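> My structure is in coords-v3.txt, and what it holds is compact mmCIF, C-alpha atoms:
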# COMPACT_ATOMS: atom_id res chain seq x y z
CA MET A 11 -98.35 -50.38 -47.95
CA LYS A 12 -96.84 -49.24 -44.70
CA ASN A 13 -93.39 -49.09 -46.32
CA LYS A 14 -94.70 -47.00 -49.22
CA ALA A 15 -96.27 -44.57 -46.76
CA SER A 16 -92.99 -44.31 -44.88
CA VAL A 17 -91.06 -43.57 -48.08
CA ARG A 18 -93.64 -40.94 -49.05
CA ASN A 19 -93.33 -39.27 -45.66
CA VAL A 20 -89.55 -39.20 -45.94
CA ILE A 21 -89.76 -37.62 -49.41
CA ILE A 22 -92.24 -35.00 -48.16
CA LEU A 23 -89.96 -34.25 -45.19
CA ILE A 24 -86.93 -33.82 -47.47
CA LEU A 25 -88.81 -31.54 -49.88
CA THR A 26 -90.17 -29.47 -47.02
CA SER A 27 -86.68 -29.09 -45.55
CA LEU A 28 -85.30 -28.01 -48.91
CA LEU A 29 -88.03 -25.39 -49.28
CA VAL A 30 -87.33 -24.02 -45.80
CA ILE A 31 -83.58 -23.89 -46.44
CA SER A 32 -84.06 -22.22 -49.82
CA ALA A 33 -86.35 -19.61 -48.33
CA GLY A 34 -83.84 -18.91 -45.58
CA ILE A 35 -81.10 -18.35 -48.14
CA LEU A 36 -83.00 -16.48 -50.85
CA ALA A 37 -85.12 -14.20 -48.68
CA PRO A 38 -82.20 -12.17 -47.22
CA PHE A 39 -80.69 -11.75 -50.69
CA GLY A 40 -84.03 -10.57 -52.00
CA LEU A 41 -84.38 -8.04 -49.21
CA LEU A 42 -80.81 -6.88 -49.71
CA LYS A 43 -81.37 -6.41 -53.45
CA LEU A 44 -84.56 -4.47 -52.73
CA LYS A 45 -82.81 -2.21 -50.22
CA THR A 46 -79.86 -1.51 -52.54
CA ARG A 47 -81.89 -0.49 -55.56
CA PRO A 48 -80.84 3.04 -56.64
CA ALA A 49 -84.29 4.40 -55.80
CA ASN A 50 -83.98 3.14 -52.21
CA LEU A 51 -80.44 4.35 -51.50
CA PRO A 52 -79.90 7.62 -49.57
CA HIS A 53 -79.03 10.58 -51.76
CA GLY A 54 -76.66 13.47 -51.21
CA LYS A 55 -73.11 14.60 -51.86
CA VAL A 56 -69.93 15.10 -49.83
CA ASP A 57 -68.02 18.37 -50.01
CA SER A 58 -64.58 17.52 -51.39
CA GLU A 59 -63.00 19.96 -48.91
CA ASN A 60 -64.15 17.69 -46.09
CA ILE A 61 -62.30 14.68 -47.49
CA GLN A 62 -58.94 14.50 -45.71
CA PRO A 63 -56.11 12.76 -47.60
CA TYR A 64 -54.03 12.35 -44.42
CA GLY A 65 -54.29 10.83 -40.99
CA ALA A 66 -54.52 12.80 -37.75
CA ASP A 67 -50.74 12.89 -37.14
CA THR A 68 -49.99 14.27 -40.58
CA ILE A 69 -52.77 16.86 -40.32
CA GLN A 70 -51.27 18.00 -37.01
CA THR A 71 -47.85 18.25 -38.66
CA GLU A 72 -49.36 20.33 -41.44
CA LYS A 73 -50.95 22.73 -38.95
CA SER A 74 -47.71 22.94 -36.97
CA ILE A 75 -45.67 23.91 -40.04
CA ILE A 76 -48.15 26.66 -40.92
CA ALA A 77 -48.13 27.94 -37.31
CA ALA A 78 -44.32 27.97 -37.26
CA LEU A 79 -44.20 29.96 -40.48
CA LYS A 80 -46.72 32.47 -39.11
CA THR A 81 -44.72 32.87 -35.90
CA TYR A 82 -41.47 33.44 -37.77
CA GLY A 83 -43.10 35.98 -40.07
CA SER A 84 -44.52 37.93 -37.12
CA ASN A 85 -41.44 37.79 -34.89
CA ARG A 86 -38.51 37.59 -37.26
CA LYS A 87 -36.49 40.40 -35.67
CA ILE A 88 -36.65 38.74 -32.25
CA ILE A 89 -35.91 35.28 -33.61
CA ASP A 90 -32.96 36.50 -35.69
CA ARG A 91 -31.40 38.20 -32.64
CA PRO A 92 -31.59 35.54 -29.92
CA GLU A 93 -30.53 36.20 -26.35
CA SER A 94 -29.05 32.77 -25.74
CA THR A 95 -27.51 30.14 -28.01
CA TRP A 96 -25.79 26.79 -27.88
CA ILE A 97 -23.58 24.72 -30.18
CA ALA A 98 -24.44 21.55 -32.09
CA THR A 99 -21.69 19.57 -33.80
CA LYS A 100 -21.54 17.48 -36.94
CA GLU A 101 -19.51 14.93 -35.00
CA ASN A 102 -22.67 14.21 -32.97
CA HIS A 103 -24.92 14.53 -36.04
CA PHE A 104 -26.22 17.82 -34.59
CA GLU A 105 -28.09 15.91 -31.87
CA GLU A 106 -27.45 18.84 -29.51
CA ILE A 107 -30.18 20.72 -31.36
CA GLY A 108 -32.45 18.57 -29.19
CA ILE A 109 -35.70 18.55 -31.14
CA GLN A 110 -35.62 14.86 -31.92
CA GLN A 111 -34.86 14.00 -28.30
CA VAL A 112 -37.99 15.85 -27.20
CA LEU A 113 -40.06 14.07 -29.84
CA TYR A 114 -38.61 10.73 -28.75
CA ASP A 115 -39.42 11.46 -25.11
CA ARG A 116 -43.03 12.04 -26.21
CA GLY A 117 -43.19 8.52 -27.65
CA ASN A 118 -42.21 9.11 -31.26
CA PRO A 119 -39.69 6.88 -33.08
CA ARG A 120 -36.09 8.02 -32.77
CA GLU A 121 -35.05 9.88 -35.92
CA ALA A 122 -32.03 11.88 -37.03
CA GLU A 123 -32.15 15.66 -36.80
CA PHE A 124 -33.54 16.92 -40.12
CA VAL A 125 -30.63 19.38 -40.52
CA ASP A 126 -28.08 16.56 -40.31
CA LEU A 127 -29.68 14.65 -43.19
CA LEU A 128 -30.07 17.87 -45.17
CA ASP A 129 -26.35 18.52 -44.73
CA ASP A 130 -25.60 14.96 -45.91
CA ALA A 131 -27.67 15.51 -49.05
CA ILE A 132 -25.79 18.75 -49.83
CA PHE A 133 -22.42 17.11 -49.25
CA ASP A 134 -23.35 14.18 -51.50
CA SER A 135 -24.35 16.58 -54.28
CA ILE A 136 -21.71 19.34 -54.04
CA GLY A 137 -18.88 17.67 -52.15
CA GLU A 138 -18.83 20.28 -49.39
CA SER A 139 -20.90 20.92 -46.27
CA GLY A 140 -23.15 23.92 -45.96
CA PHE A 141 -22.98 23.72 -42.17
CA GLY A 142 -19.36 22.88 -41.40
CA ASN A 143 -18.32 21.16 -38.19
CA ALA A 144 -20.65 23.11 -35.91
CA VAL A 145 -23.78 25.26 -35.95
CA ILE A 146 -25.20 27.85 -33.58
CA VAL A 147 -28.68 27.04 -32.29
CA SER A 148 -31.29 29.14 -30.51
CA SER A 149 -34.99 28.80 -29.81
CA THR A 150 -37.94 31.03 -28.96
CA LYS A 151 -38.81 29.07 -25.83
CA SER A 152 -37.96 31.95 -23.50
CA SER A 153 -38.32 34.99 -25.75
CA LEU A 154 -41.72 34.06 -27.24
CA PRO A 155 -43.43 31.90 -24.60
CA ASP A 156 -46.92 32.45 -26.03
CA ASP A 157 -46.05 31.66 -29.63
CA HIS A 158 -45.12 28.58 -31.59
CA LEU A 159 -41.71 27.09 -30.79
CA ILE A 160 -39.09 28.03 -33.40
CA TYR A 161 -35.45 26.98 -33.67
CA ARG A 162 -32.93 29.12 -35.51
CA ILE A 163 -29.80 27.38 -36.81
CA SER A 164 -26.91 29.31 -38.32
CA ALA A 165 -23.46 28.45 -39.66
CA ASN A 166 -20.58 29.90 -41.66
CA ASP A 167 -20.89 33.41 -40.21
CA ASN A 168 -24.63 33.51 -40.80
CA ASN A 169 -24.29 32.66 -44.49
CA THR A 170 -26.34 29.57 -43.71
CA ILE A 171 -29.65 30.09 -41.89
CA VAL A 172 -32.32 27.47 -41.21
CA ILE A 173 -35.60 28.18 -39.40
CA VAL A 174 -37.05 24.98 -37.98
CA ASP A 175 -40.49 24.20 -36.58
CA GLY A 176 -39.67 23.15 -33.04
CA GLU A 177 -42.70 20.86 -32.81
CA THR A 178 -41.86 18.74 -35.87
CA ASP A 179 -38.14 19.33 -36.66
CA ILE A 180 -39.12 20.44 -40.20
CA PRO A 181 -37.49 23.56 -41.71
CA VAL A 182 -39.89 26.23 -42.93
CA TYR A 183 -37.10 28.37 -44.36
CA ALA A 184 -33.49 27.63 -45.25
CA LYS A 185 -30.73 29.42 -47.10
CA ILE A 186 -27.58 27.32 -47.24
CA THR A 187 -24.35 28.68 -48.70
CA VAL A 188 -21.63 26.37 -49.99
CA VAL A 189 -18.25 27.33 -51.45
CA SER A 190 -16.78 24.57 -53.57
CA PRO A 191 -14.80 23.96 -56.76
CA ASN A 192 -17.35 21.31 -57.66
CA LEU A 193 -20.39 21.39 -59.85
CA ALA A 194 -23.61 20.37 -58.10
CA ASN A 195 -25.84 17.52 -59.12
CA ARG A 196 -28.88 19.75 -58.89
CA GLY A 197 -31.53 17.20 -59.80
CA TYR A 198 -30.19 14.71 -57.28
CA LEU A 199 -30.06 17.35 -54.53
CA ARG A 200 -33.63 18.41 -55.26
CA SER A 201 -34.88 14.83 -55.13
CA GLN A 202 -33.10 14.23 -51.81
CA ILE A 203 -34.67 17.35 -50.29
CA VAL A 204 -38.14 16.33 -51.48
CA GLN A 205 -37.64 12.85 -50.06
CA LEU A 206 -36.71 14.31 -46.66
CA TYR A 207 -39.85 16.44 -46.56
CA GLN A 208 -42.00 13.50 -47.58
CA GLU A 209 -40.53 11.28 -44.87
CA TYR A 210 -40.67 13.85 -42.06
CA THR A 211 -44.11 15.26 -42.89
CA GLY A 212 -45.85 12.04 -43.96
CA MET A 213 -47.29 13.97 -46.91
CA SER A 214 -47.38 13.25 -50.61
CA PHE A 215 -46.40 16.05 -52.97
CA ILE A 216 -47.28 16.84 -56.57
CA ASN A 217 -45.18 18.81 -59.03
CA VAL A 218 -46.20 22.43 -59.66
CA THR A 219 -43.21 24.00 -61.42
CA ASN A 220 -40.00 22.41 -62.64
CA ASP A 221 -37.66 24.92 -64.27
CA PRO A 222 -34.18 23.50 -64.91
CA GLY A 223 -33.04 27.08 -65.45
CA THR A 224 -29.65 27.78 -66.98
CA ILE A 225 -26.01 26.82 -66.67
CA ASP A 226 -23.54 29.41 -67.98
CA ASP A 227 -19.96 28.76 -66.91
CA LYS A 228 -20.11 29.23 -63.11
CA ASP A 229 -23.52 30.92 -63.10
CA SER A 230 -26.56 28.69 -62.88
CA THR A 231 -30.19 28.73 -61.75
CA TYR A 232 -32.67 26.02 -60.85
CA PHE A 233 -36.24 26.38 -59.62
CA TYR A 234 -38.67 23.73 -58.40
CA GLU A 235 -42.09 23.88 -56.68
CA ILE A 236 -44.30 21.14 -55.28
CA GLU A 237 -47.53 21.08 -53.25
CA ASN A 238 -49.01 18.54 -50.90
CA THR A 239 -52.23 16.91 -52.07
CA ASP A 240 -54.59 19.21 -50.16
CA HIS A 241 -52.67 22.31 -51.38
CA SER A 242 -51.97 23.62 -47.86
CA ILE A 243 -48.18 23.26 -48.06
CA LYS A 244 -46.13 24.45 -51.03
CA LEU A 245 -42.41 23.73 -51.01
CA THR A 246 -40.05 25.80 -53.15
CA ILE A 247 -36.47 24.75 -53.90
CA GLU A 248 -34.02 27.16 -55.53
CA ILE A 249 -30.44 26.18 -56.37
CA THR A 250 -28.19 28.88 -57.81
CA SER A 251 -24.46 29.39 -58.25
CA GLY A 252 -21.93 32.03 -59.26
CA TRP A 253 -18.23 32.72 -59.37
CA TYR A 254 -16.79 33.05 -55.87
CA TRP A 255 -14.58 36.06 -55.13
CA GLU A 256 -12.55 36.60 -51.97
CA SER A 257 -13.01 39.93 -50.21
CA PRO A 258 -10.21 42.56 -50.03
CA ASN A 259 -7.60 41.93 -47.37
CA SER A 260 -4.30 43.30 -46.11
CA ASN A 261 -2.55 42.19 -49.30
CA SER A 262 -5.00 43.79 -51.74
CA THR A 263 -7.85 46.27 -51.74
CA ASP A 264 -9.48 44.50 -54.66
CA TRP A 265 -11.79 41.50 -54.70
CA GLN A 266 -9.86 38.44 -55.77
CA PRO A 267 -11.22 35.78 -58.13
CA THR A 268 -10.94 32.10 -57.17
CA ASP A 269 -11.50 28.75 -58.80
CA ASN A 270 -14.54 28.12 -56.60
CA TYR A 271 -18.26 28.29 -57.10
CA ILE A 272 -20.55 29.79 -54.49
CA TRP A 273 -23.74 27.74 -54.27
CA TYR A 274 -26.99 28.91 -52.68
CA VAL A 275 -29.55 26.28 -51.76
CA LYS A 276 -32.85 27.85 -50.69
CA VAL A 277 -35.84 25.91 -49.42
CA TYR A 278 -38.99 27.61 -48.14
CA VAL A 279 -42.65 26.93 -47.46
CA ASN A 280 -45.70 28.72 -48.87
CA ASP A 281 -43.73 31.38 -50.77
CA TYR A 282 -42.09 32.65 -47.58
CA ASP A 283 -38.73 33.71 -48.95
CA ALA A 284 -37.40 35.57 -45.91
CA GLU A 285 -35.09 37.79 -47.97
CA TYR A 286 -38.10 39.61 -49.39
CA PHE A 287 -40.14 40.09 -46.20
Output the file's structure in the form of structure tokens.

Amino acid sequence: MKNKASVRNVIILILTSLLVISAGILAPFGLLKLKTRPANLPHGKVDSENIQPYGADTIQTEKSIIAALKTYGSNRKIIDRPESTWIATKENHFEEIGIQQVLYDRGNPREAEFVDLLDDAIFDSIGESGFGNAVIVSSTKSSLPDDHLIYRISANDNNTIVIVDGETDIPVYAKITVVSPNLANRGYLRSQIVQLYQEYTGMSFINVTNDPGTIDDKDSTYFYEIENTDHSIKLTIEITSGWYWESPNSNSTDWQPTDNYIWYVKVYVNDYDAEYF
């Protein structure tokens, strides 16, 4: 009888333990289910404008680009007539511009100057450089101490002009002139420019307008627009060409035709085409 009682006690102990364990497991799930019923969840909505698609660094880059564009628009005459300049050479990959060195000193990864990679993309597409062996550089550091830092880069007797945000190394306006006997791979050049802006801004872009334009002998047009995903930055790329004529000289008072094309590669932000402002 004593053994039967012992077995019964063991069985009761096991059943009791199982009930306790089951309660410990099921009770939290029951409470969780109760709390997550639709009627018990908090209600409300989030304004889509408050949802940021980018991290803090990219948002700062976005703001910097907009500030640089505003500064250039307000002070263009001063920026386009700098008091002091210096030279940057292709041999040194235009490192003398100095923007990337400043960014590196601040703890950023070492990158190439944006203009150097832009020149590489143009050369790969057209077979000629839009910058040549050297460019003239100036900045607003002394002339506009209270405004956003802007770098102005020019080449080929001012037929190539690039306005660069000094805080990010990203161009906000560029008009690059190339004289070449070669046709341009316009789609490839456009994709290379977009890739550069994506890499240097950290932003994603969506297509707005893609107009392949026309090609008529040596005259051609190409137009392309993209926006970043929060619609704060719009990038426009225009690639056009025409027949290149040499200006009158001591041998002739007439313009002389050549076998070359003259290519214009224009890139600008937020509809700021400097030629029309």
> Between CA of Lys244 (chain A) and CA of Asn280 (chain A), measure the distance and give it in Å to one decimal.
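Computing the Euclidean distance for CA of Lys244 (chain A) and CA of Asn280 (chain A) yields 4.8 Å.
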> Separation of CA of Trp265 (chain A) and CA of Val189 (chain A), in Å?
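Those two atoms sit 15.9 Å apart.
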> Under the rule that all atoms listed in the file are counted, which of A:Asp130, A:Glu285, A:Asp115, A:Glu138 is the nearest residue to Pro191 (chain A)?
A:Glu138
> Might you pull out every residue within 9 Å of Ala98 (chain A), with all atoms listed in the file counted and same-chain residues fewer than 6 positions away left off, and present them as a tab-separated table (two decimals) with C-alpha atoms, keeping the file's coordinate frame?

chain	number	residue	atom	x	y	z
A	104	PHE	CA	-26.22	17.82	-34.59
A	105	GLU	CA	-28.09	15.91	-31.87
A	106	GLU	CA	-27.45	18.84	-29.51
A	107	ILE	CA	-30.18	20.72	-31.36
A	143	ASN	CA	-18.32	21.16	-38.19
A	144	ALA	CA	-20.65	23.11	-35.91
A	145	VAL	CA	-23.78	25.26	-35.95
A	146	ILE	CA	-25.20	27.85	-33.58
A	147	VAL	CA	-28.68	27.04	-32.29
> For Asp67 (chain A), please output as a PyMOL selection string all residues within 12 Å (counting all atoms listed in the file; exclusion window: fewer than 4 positions along the same chain).
chain A and resi 62-63+71-74+118+178+210-213
> Can you pull out every residue within 10 Å of Pro119 (chain A), counting only C-alpha atoms, but drop anything in the same chain fewer than 6 positions away, and send it as a PyMOL selection string?
chain A and resi 110-111+113
> Please provide as a PyMOL selection string all residues within 10 Å of Pro222 (chain A), with the sequence filter that same-chain residues fewer than 6 positions apart are discarded (counting only C-alpha atoms).
chain A and resi 196-197+230-234+249
> For a quick check of understanding, using all atoms listed in the file, which of A:Ile69, A:Val188, A:Ile236, A:Leu128 has the smallest distance to Tyr274 (chain A)?
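Comparing A:Ile69, A:Val188, A:Ile236, A:Leu128 against Tyr274 (chain A), the winner is A:Val188.
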> Using Å and a single decimal, report how far CA of Glu248 (chain A) sits from CA of Tyr278 (chain A).
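Spanning CA of Tyr278 (chain A) to CA of Glu248 (chain A) is a straight-line distance of 8.9 Å.
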> Please return as a PDB file with C-alpha atoms, in the frame of the given file every residue within 8 Å of (-34.9, 25.2, -43.4), taking into account only C-alpha atoms and the file's own coordinates.

ATOM      1  CA  VAL A 125     -30.630  19.380 -40.520  1.00  0.00           C
ATOM      2  CA  ILE A 171     -29.650  30.090 -41.890  1.00  0.00           C
ATOM      3  CA  VAL A 172     -32.320  27.470 -41.210  1.00  0.00           C
ATOM      4  CA  ILE A 173     -35.600  28.180 -39.400  1.00  0.00           C
ATOM      5  CA  VAL A 174     -37.050  24.980 -37.980  1.00  0.00           C
ATOM      6  CA  ILE A 180     -39.120  20.440 -40.200  1.00  0.00           C
ATOM      7  CA  PRO A 181     -37.490  23.560 -41.710  1.00  0.00           C
ATOM      8  CA  VAL A 182     -39.890  26.230 -42.930  1.00  0.00           C
ATOM      9  CA  TYR A 183     -37.100  28.370 -44.360  1.00  0.00           C
ATOM     10  CA  ALA A 184     -33.490  27.630 -45.250  1.00  0.00           C
ATOM     11  CA  LYS A 185     -30.730  29.420 -47.100  1.00  0.00           C
ATOM     12  CA  VAL A 277     -35.840  25.910 -49.420  1.00  0.00           C
ATOM     13  CA  TYR A 278     -38.990  27.610 -48.140  1.00  0.00           C
TER      14      TYR A 278
END
